[in-house]
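What follows is the content of final-v2.cif (mmCIF, C-alpha atoms).
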data_coords
loop_
_atom_site.label_atom_id
_atom_site.label_comp_id
_atom_site.auth_asym_id
_atom_site.auth_seq_id
_atom_site.Cartn_x
_atom_site.Cartn_y
_atom_site.Cartn_z
CA MET A 157 28.36 -1.65 6.08
CA GLU A 158 25.05 -1.78 7.97
CA ALA A 159 26.10 1.15 10.13
CA ALA A 160 27.09 3.16 7.05
CA VAL A 161 23.72 2.48 5.43
CA LYS A 162 21.92 3.47 8.64
CA GLN A 163 23.84 6.74 8.71
CA LEU A 164 23.08 7.32 5.04
CA PHE A 165 19.36 6.93 5.66
CA ARG A 166 19.56 9.04 8.82
CA TRP A 167 21.01 11.92 6.81
CA MET A 168 18.84 11.24 3.74
CA PRO A 169 16.57 14.29 4.26
CA PHE A 170 19.65 16.55 4.17
CA ILE A 171 20.97 14.77 1.08
CA PHE A 172 17.49 15.05 -0.44
CA GLY A 173 17.51 18.78 0.29
CA ILE A 174 20.73 19.24 -1.63
CA GLY A 175 20.23 16.55 -4.24
CA PHE A 176 16.62 17.24 -5.18
CA ILE A 177 15.00 20.26 -3.51
CA ALA A 178 17.81 22.67 -4.45
CA PRO A 179 17.76 21.98 -8.21
CA LEU A 180 13.95 21.73 -8.14
CA VAL A 181 13.72 25.22 -6.62
CA ALA A 182 16.25 26.59 -9.13
CA GLN A 183 14.55 25.03 -12.14
CA SER A 184 11.09 26.07 -10.95
CA LEU A 185 12.30 29.70 -10.70
CA ALA A 186 13.74 29.42 -14.21
CA TYR A 187 10.51 27.87 -15.52
CA TRP A 188 8.47 30.85 -14.31
CA ASP A 189 11.25 33.26 -15.26
CA ILE A 190 11.77 34.50 -11.71
CA GLU A 191 15.15 35.76 -10.57
CA ALA A 192 16.58 34.63 -7.23
CA PRO A 193 16.61 37.37 -4.56
CA PHE A 194 19.71 39.23 -3.27
CA GLY A 195 21.47 38.82 -6.59
CA LEU A 196 22.05 35.12 -5.92
CA SER A 197 22.12 32.58 -8.68
CA ARG A 198 19.04 30.34 -8.73
CA ILE A 199 20.94 27.23 -7.72
CA TYR A 200 22.60 28.98 -4.73
CA PHE A 201 19.16 30.14 -3.70
CA GLY A 202 17.89 26.58 -4.11
CA LEU A 203 20.72 25.29 -1.94
CA LEU A 204 19.95 27.94 0.68
CA ILE A 205 16.44 26.53 0.91
CA GLY A 206 17.08 22.81 0.36
CA ALA A 207 20.07 22.27 2.67
CA PRO A 208 18.67 23.94 5.83
CA TRP A 209 15.24 22.42 5.20
CA GLY A 210 16.81 18.97 4.92
CA LEU A 211 18.82 19.58 8.09
CA TYR A 212 15.63 20.63 9.87
CA ALA A 213 13.96 17.37 8.74
CA VAL A 214 16.92 15.35 10.07
CA TRP A 215 16.79 17.24 13.37
CA ARG A 216 13.02 17.25 13.91
CA GLY A 217 12.07 14.09 12.04
CA ARG A 218 9.43 16.12 10.17
CA TRP A 219 9.58 18.18 7.02
CA ILE A 220 7.16 20.76 8.45
CA MET B 33 -3.68 -19.12 -14.80
CA GLY B 34 -6.40 -19.23 -12.22
CA LEU B 35 -6.95 -20.83 -8.90
CA ARG B 36 -6.24 -24.37 -7.98
CA GLN B 37 -7.42 -24.26 -4.43
CA VAL B 38 -10.16 -22.66 -2.43
CA ALA B 39 -9.26 -20.80 0.69
CA ASP B 40 -10.96 -18.30 2.91
CA GLY B 41 -7.86 -17.04 4.65
CA PRO B 42 -4.89 -15.02 3.45
CA ILE B 43 -3.10 -16.92 0.74
CA GLY B 44 0.64 -17.21 1.07
CA ASP B 45 1.22 -18.62 4.55
CA GLU B 46 4.63 -19.66 3.35
CA TYR B 47 5.65 -16.01 3.35
CA LEU B 48 4.36 -15.30 6.81
CA LEU B 49 6.79 -15.96 9.59
CA ALA B 50 5.27 -13.96 12.35
CA ARG B 51 7.01 -11.77 14.85
CA ASP B 52 8.19 -12.90 18.26
CA GLY B 53 8.83 -16.38 16.92
CA VAL B 54 5.15 -17.16 16.61
CA GLY B 55 4.53 -19.54 13.74
CA VAL B 56 1.63 -19.60 11.35
CA GLU B 57 0.22 -22.73 12.95
CA THR B 58 0.02 -20.91 16.25
CA LEU B 59 -1.89 -18.08 14.66
CA ALA B 60 -4.33 -20.28 12.81
CA PRO B 61 -6.57 -21.18 15.77
CA GLU B 62 -6.99 -17.49 16.51
CA THR B 63 -8.38 -16.98 13.03
CA ASP B 64 -10.60 -20.03 13.31
CA ARG B 65 -11.84 -18.95 16.68
CA SER B 66 -13.30 -15.76 15.32
CA ALA B 67 -14.64 -17.58 12.26
CA ILE B 68 -16.88 -20.06 14.03
CA PRO B 69 -17.06 -19.18 17.69
CA LEU B 70 -18.91 -21.54 19.99
CA THR B 71 -20.68 -18.64 21.56
CA GLY B 72 -20.93 -15.20 20.13
CA PRO B 73 -22.58 -11.81 20.44
CA ASP B 74 -24.59 -12.40 17.26
CA GLY B 75 -27.06 -14.54 19.20
CA LEU B 76 -26.81 -17.40 16.72
CA ASP B 77 -26.46 -20.93 17.94
CA ARG B 78 -23.60 -23.13 16.84
CA HIS B 79 -25.61 -25.06 14.25
CA THR B 80 -26.99 -21.92 12.65
CA ARG B 81 -23.50 -20.47 12.40
CA ARG B 82 -22.19 -23.65 10.83
CA ASP B 83 -25.06 -23.69 8.34
CA LEU B 84 -24.49 -20.03 7.47
CA ARG B 85 -20.80 -20.70 7.02
CA LYS B 86 -21.55 -23.50 4.57
CA GLN B 87 -23.91 -21.26 2.61
CA GLU B 88 -21.32 -18.47 2.68
CA LEU B 89 -18.61 -20.73 1.30
CA ALA B 90 -20.88 -22.06 -1.43
CA VAL B 91 -21.70 -18.53 -2.61
CA ALA B 92 -18.11 -17.30 -2.28
CA ARG B 93 -16.74 -20.17 -4.38
CA GLU B 94 -18.76 -18.92 -7.34
CA TYR B 95 -16.79 -15.68 -7.35
CA MET B 96 -13.28 -17.02 -6.82
CA GLY B 97 -10.87 -17.01 -9.72
CA GLY B 98 -11.95 -16.07 -13.22
CA ALA B 99 -9.99 -14.27 -15.89
CA MET B 100 -6.97 -12.62 -14.30
CA TRP B 101 -5.15 -11.64 -17.47
CA PRO B 102 -6.45 -8.04 -17.34
CA TYR B 103 -4.43 -7.58 -14.15
CA VAL B 104 -1.32 -8.84 -15.94
CA VAL B 105 -1.89 -6.53 -18.91
CA ALA B 106 -2.60 -3.59 -16.58
CA ALA B 107 0.49 -4.25 -14.47
CA TRP B 108 3.01 -4.77 -17.25
CA GLY B 109 1.47 -2.28 -19.66
CA GLY B 110 1.15 0.27 -16.89
CA PHE B 111 4.76 -0.17 -15.85
CA ALA B 112 5.98 0.17 -19.44
CA LEU B 113 3.89 3.31 -19.86
CA TRP B 114 5.20 4.73 -16.59
CA VAL B 115 8.84 4.13 -17.55
CA SER B 116 8.20 5.68 -20.98
CA LEU B 117 6.96 8.87 -19.32
CA PHE B 118 10.52 9.74 -18.29
CA PRO B 119 12.01 10.09 -21.80
CA LEU B 120 8.71 11.32 -23.23
CA THR B 121 8.59 14.27 -20.84
CA MET B 122 12.33 14.95 -21.01
CA LEU B 123 12.07 15.18 -24.79
CA ASP B 124 8.93 17.33 -24.58
CA ILE B 125 6.90 14.74 -26.47
CA VAL B 126 4.27 14.40 -23.75
CA PRO B 127 3.19 17.54 -21.84
CA LEU B 128 4.10 17.39 -18.17
CA PRO B 129 0.56 17.94 -16.80
CA ILE B 130 -0.71 14.95 -18.80
CA ALA B 131 2.24 12.81 -17.72
CA PHE B 132 1.62 13.84 -14.12
CA VAL B 133 -2.01 12.71 -14.20
CA ILE B 134 -1.11 9.42 -15.90
CA SER B 135 1.66 8.78 -13.38
CA CYS B 136 -0.68 9.44 -10.44
CA VAL B 137 -3.18 6.93 -11.82
CA LEU B 138 -0.48 4.32 -12.46
CA ALA B 139 1.14 4.81 -9.05
CA THR B 140 -2.19 4.39 -7.29
CA GLY B 141 -3.61 1.64 -9.48
CA GLY B 142 -0.39 -0.36 -9.32
CA TYR B 143 -1.24 -1.36 -5.80
CA VAL B 144 -4.41 -3.08 -6.98
CA THR B 145 -2.58 -5.36 -9.42
CA SER B 146 0.17 -5.98 -6.86
CA HIS B 147 -2.48 -6.83 -4.29
CA GLU B 148 -3.82 -9.67 -6.43
CA ALA B 149 -0.27 -11.01 -6.72
CA MET B 150 0.22 -10.77 -2.94
CA HIS B 151 -2.63 -13.25 -2.55
CA SER B 152 -1.35 -15.41 -5.43
CA ASN B 153 -4.62 -14.82 -7.26
CA ILE B 154 -2.88 -14.62 -10.63
CA ALA B 155 -1.02 -17.91 -10.26
CA GLN B 156 -0.61 -20.11 -7.20
CA LYS B 157 2.79 -21.19 -5.89
CA GLY B 158 3.96 -24.25 -7.76
CA SER B 159 1.96 -23.52 -10.87
CA LYS B 160 3.56 -23.23 -14.30
CA ARG B 161 2.80 -19.55 -14.56
CA ARG B 162 3.86 -18.60 -11.05
CA TRP B 163 6.51 -16.28 -12.48
CA VAL B 164 3.72 -14.18 -14.00
CA ASN B 165 2.21 -13.67 -10.56
CA GLU B 166 5.59 -12.70 -9.12
CA TRP B 167 6.46 -10.25 -11.89
CA VAL B 168 3.05 -8.61 -11.74
CA GLY B 169 3.75 -7.97 -8.08
CA GLN B 170 7.35 -6.88 -8.62
CA VAL B 171 6.69 -4.16 -11.19
CA SER B 172 3.36 -2.86 -9.90
CA THR B 173 4.62 -1.06 -6.81
CA ILE B 174 7.88 0.35 -8.15
CA PRO B 175 6.24 3.75 -8.84
CA ILE B 176 5.40 4.06 -5.14
CA VAL B 177 8.86 2.77 -4.14
CA PHE B 178 7.35 -0.11 -2.19
CA PRO B 179 9.00 -3.45 -2.94
CA PHE B 180 6.70 -6.40 -3.54
CA SER B 181 8.43 -8.56 -0.92
CA MET B 182 7.71 -5.99 1.80
CA ALA B 183 4.20 -5.32 0.49
CA ARG B 184 3.31 -9.02 0.56
CA LEU B 185 4.73 -9.74 4.00
CA MET B 186 3.10 -6.72 5.58
CA HIS B 187 -0.23 -7.27 3.86
CA LEU B 188 -0.44 -10.87 5.03
CA GLU B 189 0.42 -9.70 8.55
CA HIS B 190 -2.45 -7.23 8.23
CA HIS B 191 -4.82 -10.07 7.30
CA TYR B 192 -3.72 -12.30 10.14
CA HIS B 193 -3.76 -9.58 12.78
CA CYS B 194 -6.37 -7.23 11.38
CA ASN B 195 -7.03 -4.32 13.77
CA ASP B 196 -4.68 -5.65 16.45
CA PRO B 197 -2.97 -2.46 17.67
CA GLU B 198 0.26 -4.33 18.38
CA LYS B 199 0.47 -6.63 15.36
CA ASP B 200 -1.48 -5.12 12.48
CA PRO B 201 1.16 -3.20 10.47
CA ASP B 202 -1.55 -0.88 9.12
CA TYR B 203 -2.90 0.10 12.51
CA THR B 204 -0.89 3.34 12.36
CA ASP B 205 -3.33 4.58 9.69
CA GLU B 206 -6.12 4.80 12.24
CA ALA B 207 -7.53 8.31 12.68
CA PRO B 208 -10.72 9.70 14.23
CA ASN B 209 -12.14 11.11 10.98
CA ALA B 210 -11.53 11.33 7.24
CA LEU B 211 -9.71 14.65 7.36
CA MET B 212 -7.33 13.41 10.04
CA ALA B 213 -6.90 10.17 8.09
CA TRP B 214 -5.70 12.10 5.01
CA TYR B 215 -3.35 14.12 7.22
CA LYS B 216 -2.01 10.94 8.79
CA THR B 217 -1.22 9.42 5.41
CA TRP B 218 1.29 12.26 5.02
CA TYR B 219 2.37 12.46 8.67
CA ASN B 220 3.22 8.75 8.83
CA ARG B 221 5.73 9.17 6.00
CA GLN B 222 7.76 11.80 7.87
CA PRO B 223 11.36 10.70 8.52
CA GLY B 224 11.05 10.45 12.30
CA VAL B 225 7.55 8.97 12.58
CA ASP B 226 6.91 5.28 13.27
CA GLY B 227 4.26 4.86 10.60
CA SER B 228 3.83 3.60 7.08
CA ILE B 229 7.06 2.20 5.62
CA HIS B 230 9.03 3.13 8.76
CA ALA B 231 6.73 0.91 10.84
CA TYR B 232 7.04 -1.83 8.21
CA LYS B 233 10.84 -1.71 8.49
CA ARG B 234 10.63 -1.98 12.26
CA ILE B 235 8.23 -4.93 12.02
CA LEU B 236 10.43 -6.72 9.47
CA ASN B 237 13.41 -6.24 11.79
CA GLU B 238 11.37 -7.75 14.64
CA MET B 239 10.39 -10.71 12.46
CA GLY B 240 14.05 -11.45 11.85
CA THR B 241 13.37 -14.17 9.27
CA PRO B 242 15.32 -14.68 6.01
CA GLU B 243 12.24 -13.47 4.08
CA ALA B 244 12.08 -10.34 6.22
CA ALA B 245 15.83 -9.72 5.81
CA ARG B 246 15.51 -10.06 2.04
CA SER B 247 12.58 -7.70 2.06
CA LEU B 248 14.52 -5.11 4.05
CA LYS B 249 17.42 -5.38 1.63
CA GLU B 250 15.14 -4.93 -1.38
CA THR B 251 13.51 -1.94 0.29
CA MET B 252 16.88 -0.31 0.88
CA VAL B 253 17.98 -0.94 -2.73
CA LEU B 254 14.73 0.42 -4.20
CA GLN B 255 14.84 3.52 -2.00
CA LEU B 256 18.46 4.19 -2.98
CA VAL B 257 17.65 3.72 -6.67
CA PHE B 258 14.71 6.13 -6.26
CA MET B 259 16.98 8.75 -4.69
CA ALA B 260 19.73 8.20 -7.27
CA VAL B 261 17.26 8.68 -10.14
CA LEU B 262 15.78 11.82 -8.59
CA PHE B 263 19.19 13.36 -7.87
CA THR B 264 20.62 12.49 -11.28
CA MET B 265 17.61 13.86 -13.13
CA ALA B 266 17.48 16.96 -10.94
CA TRP B 267 21.15 17.89 -11.39
CA SER B 268 20.90 17.15 -15.12
CA GLY B 269 18.23 19.81 -15.53
CA TYR B 270 15.15 17.60 -15.24
CA ALA B 271 14.08 18.27 -11.65
CA ILE B 272 10.54 19.28 -12.60
CA GLU B 273 10.12 16.17 -14.75
CA ALA B 274 11.39 13.98 -11.87
CA ALA B 275 9.05 15.72 -9.45
CA LEU B 276 5.95 15.40 -11.61
CA VAL B 277 6.55 11.92 -13.02
CA TRP B 278 7.80 10.11 -9.91
CA TRP B 279 8.19 12.10 -6.67
CA LEU B 280 4.78 13.77 -6.40
CA PRO B 281 2.69 10.94 -7.96
CA ARG B 282 4.31 8.59 -5.43
CA HIS B 283 3.18 10.76 -2.53
CA ILE B 284 -0.31 11.22 -3.95
CA GLY B 285 -0.59 7.50 -4.71
CA LEU B 286 0.57 6.47 -1.24
CA SER B 287 -1.89 8.83 0.45
CA TYR B 288 -4.76 7.66 -1.74
CA ILE B 289 -3.91 4.00 -1.13
CA ARG B 290 -3.55 4.51 2.62
CA PHE B 291 -6.86 6.32 2.82
CA TYR B 292 -8.98 4.04 0.67
CA LEU B 293 -7.35 0.67 1.26
CA SER B 294 -6.49 1.03 4.90
CA TRP B 295 -8.41 3.71 6.76
CA ALA B 296 -11.82 3.79 5.04
CA PRO B 297 -12.73 0.07 5.19
CA HIS B 298 -11.31 -0.52 8.69
CA HIS B 299 -12.27 2.57 10.67
CA PRO B 300 -12.92 2.43 13.60
CA ARG B 301 -10.39 -0.27 14.39
CA ALA B 302 -10.28 -0.36 18.18
CA GLY B 303 -11.52 -3.67 19.54
CA ARG B 304 -12.86 -4.80 16.15
CA THR B 305 -10.82 -7.91 15.46
CA GLY B 306 -13.54 -10.46 14.72
CA ARG B 307 -14.01 -12.02 11.29
CA TYR B 308 -17.24 -10.14 10.56
CA GLU B 309 -16.40 -6.91 12.33
CA ASN B 310 -12.84 -6.00 11.30
CA THR B 311 -13.91 -4.52 7.94
CA TYR B 312 -16.86 -2.28 7.15
CA VAL B 313 -19.12 -1.86 4.17
CA PHE B 314 -19.21 1.81 3.23
CA LYS B 315 -20.47 4.08 0.48
CA SER B 316 -17.68 6.05 -1.15
CA ARG B 317 -18.27 9.56 -2.46
CA LEU B 318 -16.03 8.69 -5.39
CA GLY B 319 -17.89 5.50 -6.23
CA HIS B 320 -16.84 1.87 -6.29
CA VAL B 321 -14.14 1.99 -8.98
CA LEU B 322 -12.42 5.18 -7.85
CA SER B 323 -12.35 3.89 -4.30
CA MET B 324 -10.60 0.85 -5.78
CA CYS B 325 -13.51 -1.49 -4.91
CA MET B 326 -12.95 -0.89 -1.22
CA GLU B 327 -16.65 -0.40 -0.47
CA THR B 328 -16.91 -4.19 -0.34
CA HIS B 329 -13.49 -4.85 1.17
CA ILE B 330 -15.15 -7.12 3.73
CA VAL B 331 -15.49 -9.74 0.99
CA HIS B 332 -11.73 -9.59 0.42
CA HIS B 333 -11.01 -10.13 4.12
CA LEU B 334 -13.42 -13.05 4.24
CA TYR B 335 -12.25 -14.57 0.95
CA PRO B 336 -8.95 -13.18 -0.43
CA ASN B 337 -9.24 -15.57 -3.40
CA ILE B 338 -12.08 -13.47 -4.78
CA PRO B 339 -10.45 -10.97 -7.16
CA ASN B 340 -10.90 -7.29 -6.44
CA HIS B 341 -13.21 -6.63 -9.37
CA ARG B 342 -15.62 -9.37 -8.26
CA THR B 343 -16.00 -8.34 -4.62
CA ARG B 344 -19.04 -6.15 -5.30
CA ALA B 345 -20.97 -8.91 -7.05
CA ALA B 346 -19.90 -11.36 -4.35
CA TYR B 347 -21.05 -8.95 -1.67
CA MET B 348 -24.47 -8.59 -3.26
CA ALA B 349 -24.81 -12.37 -3.33
CA LEU B 350 -23.53 -12.76 0.23
CA LYS B 351 -25.56 -9.88 1.61
CA PRO B 352 -28.36 -11.91 3.27
CA ILE B 353 -25.82 -14.16 4.97
CA LEU B 354 -23.66 -11.23 6.10
CA ASP B 355 -26.77 -9.58 7.47
CA GLN B 356 -27.47 -12.62 9.62
CA ARG B 357 -23.86 -12.53 10.76
CA GLY B 358 -24.40 -9.06 12.13
CA VAL B 359 -22.57 -7.13 9.40
CA ASP B 360 -23.99 -3.64 8.82
CA ILE B 361 -25.23 -3.87 5.23
CA THR B 362 -27.28 -0.67 5.27
CA LYS B 363 -24.64 1.44 3.46
CA LEU B 364 -24.65 -0.56 0.25
#
Can you dump the structure from the file as structure tokens?
Amino acid sequence: MEAAVKQLFRWMPFIFGIGFIAPLVAQSLAYWDIEAPFGLSRIYFGLLIGAPWGLYAVWRGRWI
Amino acid sequence: MGLRQVADGPIGDEYLLARDGVGVETLAPETDRSAIPLTGPDGLDRHTRRDLRKQELAVAREYMGGAMWPYVVAAWGGFALWVSLFPLTMLDIVPLPIAFVISCVLATGGYVTSHEAMHSNIAQKGSKRRWVNEWVGQVSTIPIVFPFSMARLMHLEHHYHCNDPEKDPDYTDEAPNALMAWYKTWYNRQPGVDGSIHAYKRILNEMGTPEAARSLKETMVLQLVFMAVLFTMAWSGYAIEAALVWWLPRHIGLSYIRFYLSWAPHHPRAGRTGRYENTYVFKSRLGHVLSMCMETHIVHHLYPNIPNHRTRAAYMALKPILDQRGVDITKL
């Protein structure tokens, strides 16, 4: 159980990227009436930003 | 409510089970040593120091306690208001910019009410209204996702080991200047950095006591609840509401708290561990209230029983004595 929780928190930035950043990006674009580039839907675009950014934060231990 | 005992050290020893198996009784002489040293750099002889200490205590006693119900109203009312912001913004009843500002104020100010509870200033342990003290603490720091149990343990550790680079949990806030201090408030929250709540978790693990274990568990639960709420709101179409009512105000509140409650009154920290030198009097550009009464934080470190809102008046009364003790009183 403890190991599972540790893993969960280790990967939390990635989960955060998918769970929060992606829909936040999509809904922010919709709020300002901006279309996602390359013909993507807003949520796919949000996932394209949120997931890699979260992975980067897991890898580097920093968001920036 | 009110105080039943007078103390000039951190209240709540019962919560402090120090790291490395060192008990409170072992730490106590260290505190006493810096309080009334037999010889000291201030050039005062032992009798003068003792006399000053008596005068200091007599003045300080006048400012301990008092009406604490405003803290209770602020904590519970503030929490209720904060919770209400979620449906009110989701239903477009309250505009998001207004909710954002209110949430930032509540997230930041919540630490002040919680802080009084950490020192049992609202109701002492064993008193009839102790539960009020505990629930003020519990709800106050939920907006910043900082459980009361962790906040209390770490804050008392800070008091006992103030400015000790190894033992003061807040030492990671130290920075060479104000700009770097603001940057560090953000940097220390990064996932791979041993600062802020990450350092607190490490310290609690090192303490290894039942209280520390409970605190770690509560921290984990609160963080998971925070994430669950954010994710649920975000994927239900309320990501902006979640960001502006909880996520961003939490970050702003934590940075503000770290800067004004930790960096500003204790910088520079290196080598400044003595009773009258571990906290500075400073003049805030934002004024006394907006700096959360931290200009006179030295009074809090000397006498944690003096409520936050009375530290300025207490400082003014104690000023001549503090001056003789070598405290720099020129700023205020």
Calculated over all atoms listed in the file, which of the candidates B:Ser268, B:Thr140, B:Thr251, B:Gln222 has the smallest distance to chain A?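 Between B:Ser268, B:Thr140, B:Thr251, B:Gln222, the residue approaching chain A most closely is B:Gln222.
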Could the residues of chain B that have an atom at most 6 Å from chain A be listed as CSV, each with its closest atom pair and the distance in Å to one decimal, counting only C-alpha atoms and ordered by chain and ascending residue number?
residue,atom,partner,partner_atom,distance
B:Gln222,CA,A:Arg218,CA,5.2
B:Pro223,CA,A:Gly217,CA,4.9
B:Gly224,CA,A:Gly217,CA,3.8
B:Phe263,CA,A:Gly175,CA,4.9
B:Ala266,CA,A:Pro179,CA,5.7
B:Ala271,CA,A:Leu180,CA,4.9
I'd like to know which of B:Ala274, B:Val359, B:Ala183, B:Ala346 is closest to B:Ala131, using all atoms listed in the file.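 Nearest candidate to B:Ala131 out of B:Ala274, B:Val359, B:Ala183, B:Ala346: B:Ala274.
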Between atom CA of A:Met157 and atom CA of B:Met239, what is the spacing in Å? 21.1 Å
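Using only C-alpha atoms, the protein and nucleic acid residues lying at most 8 Å from the point (16.7, 28.8, -4.7) are A:Ala178, A:Pro179, A:Val181, A:Ala182, A:Leu185, A:Ala192, A:Ser197, A:Arg198, A:Ile199, A:Tyr200, A:Phe201, A:Gly202, A:Leu203, A:Leu204, A:Ile205, A:Gly206.
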Excluding same-chain residues fewer than 4 positions from stretch 98-109 of chain B, what lies within 12 Å of it counting all atoms listed in the file, as a ChimeraX atom specification? /B:33-36,93-94,113-116,137-149,152-155,161,163-175,337-342
Quick one: everything within 12 Å of B:Lys86, counting only C-alpha atoms, minus sequence neighbours fewer than 3 positions away in the same chain. Send it as a CSV table (one decimal) with C-alpha atoms, in the coordinates of the input.
chain,number,residue,atom,x,y,z
B,40,ASP,CA,-11.0,-18.3,2.9
B,67,ALA,CA,-14.6,-17.6,12.3
B,68,ILE,CA,-16.9,-20.1,14.0
B,79,HIS,CA,-25.6,-25.1,14.2
B,80,THR,CA,-27.0,-21.9,12.6
B,81,ARG,CA,-23.5,-20.5,12.4
B,82,ARG,CA,-22.2,-23.6,10.8
B,83,ASP,CA,-25.1,-23.7,8.3
B,89,LEU,CA,-18.6,-20.7,1.3
B,90,ALA,CA,-20.9,-22.1,-1.4
B,91,VAL,CA,-21.7,-18.5,-2.6
B,92,ALA,CA,-18.1,-17.3,-2.3
B,93,ARG,CA,-16.7,-20.2,-4.4
B,350,LEU,CA,-23.5,-12.8,0.2
B,353,ILE,CA,-25.8,-14.2,5.0
Between B:Glu309, B:Asp360, B:Asp200, B:Glu243, which is the closest to B:Met182 once you count all atoms listed in the file?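 When distances to B:Met182 are compared using all atoms listed in the file, the smallest one comes from B:Glu243.
Between atom CA of B:Arg317 and atom CA of B:His332 lies a distance of 20.4 Å.
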Work out how far apart atom CA of B:Leu256 and atom CA of B:Tyr203 are and give it in Å to one decimal. 26.7 Å
Counting only C-alpha atoms, which residues sit no farther than 12 Å from the position (-12.5, 2.7, -5.9) in the file's frame? I'd like them as a PyMOL selection string. chain B and resi 137+140-141+143-144+288-289+291-293+296-297+314-329+340-341+343-344
Between B:Gln87, B:Ser135, B:Asn195, B:Ser228, which residue has the minimum interatomic distance to B:Leu354, considering only C-alpha atoms? B:Gln87
Take the PyMOL selection byres ((chain B and resi 310) around 7), apply it to the structure above, and return the hits as a ChimeraX atom specification. /B:194-195,298,301,304-309,311-312
Could you work out an axis-aligned bounding box for all listed atoms of stretch 159-165 of chain A, with 8 Å added on each of the six sides, and give its centre and edge lengths in Å to one decimal, as lines of an AutoDock Vina configuration file?
center_x = 23.2
center_y = 4.2
center_z = 7.6
size_x = 23.7
size_y = 22.2
size_z = 21.1
Residue by residue, what does the PyMOL selection byres ((chain B and resi 255) around 10) grab here? Present the result as a list in words. Phe165 of chain A; Ile174, Ile176, Val177, Phe178, Pro179, Lys249, Glu250, Thr251, Met252, Val253, Leu254, Leu256, Val257, Phe258, Met259, Ala260 and Val261 of chain B
What does the file look like for those residues with C-alpha atoms, as a PDB file, keeping the file's coordinate frame?
ATOM      1  CA  PHE A 165      19.360   6.930   5.660  1.00  0.00           C
TER       2      PHE A 165
ATOM      3  CA  ILE B 174       7.880   0.350  -8.150  1.00  0.00           C
ATOM      4  CA  ILE B 176       5.400   4.060  -5.140  1.00  0.00           C
ATOM      5  CA  VAL B 177       8.860   2.770  -4.140  1.00  0.00           C
ATOM      6  CA  PHE B 178       7.350  -0.110  -2.190  1.00  0.00           C
ATOM      7  CA  PRO B 179       9.000  -3.450  -2.940  1.00  0.00           C
ATOM      8  CA  LYS B 249      17.420  -5.380   1.630  1.00  0.00           C
ATOM      9  CA  GLU B 250      15.140  -4.930  -1.380  1.00  0.00           C
ATOM     10  CA  THR B 251      13.510  -1.940   0.290  1.00  0.00           C
ATOM     11  CA  MET B 252      16.880  -0.310   0.880  1.00  0.00           C
ATOM     12  CA  VAL B 253      17.980  -0.940  -2.730  1.00  0.00           C
ATOM     13  CA  LEU B 254      14.730   0.420  -4.200  1.00  0.00           C
ATOM     14  CA  LEU B 256      18.460   4.190  -2.980  1.00  0.00           C
ATOM     15  CA  VAL B 257      17.650   3.720  -6.670  1.00  0.00           C
ATOM     16  CA  PHE B 258      14.710   6.130  -6.260  1.00  0.00           C
ATOM     17  CA  MET B 259      16.980   8.750  -4.690  1.00  0.00           C
ATOM     18  CA  ALA B 260      19.730   8.200  -7.270  1.00  0.00           C
ATOM     19  CA  VAL B 261      17.260   8.680 -10.140  1.00  0.00           C
TER      20      VAL B 261
END
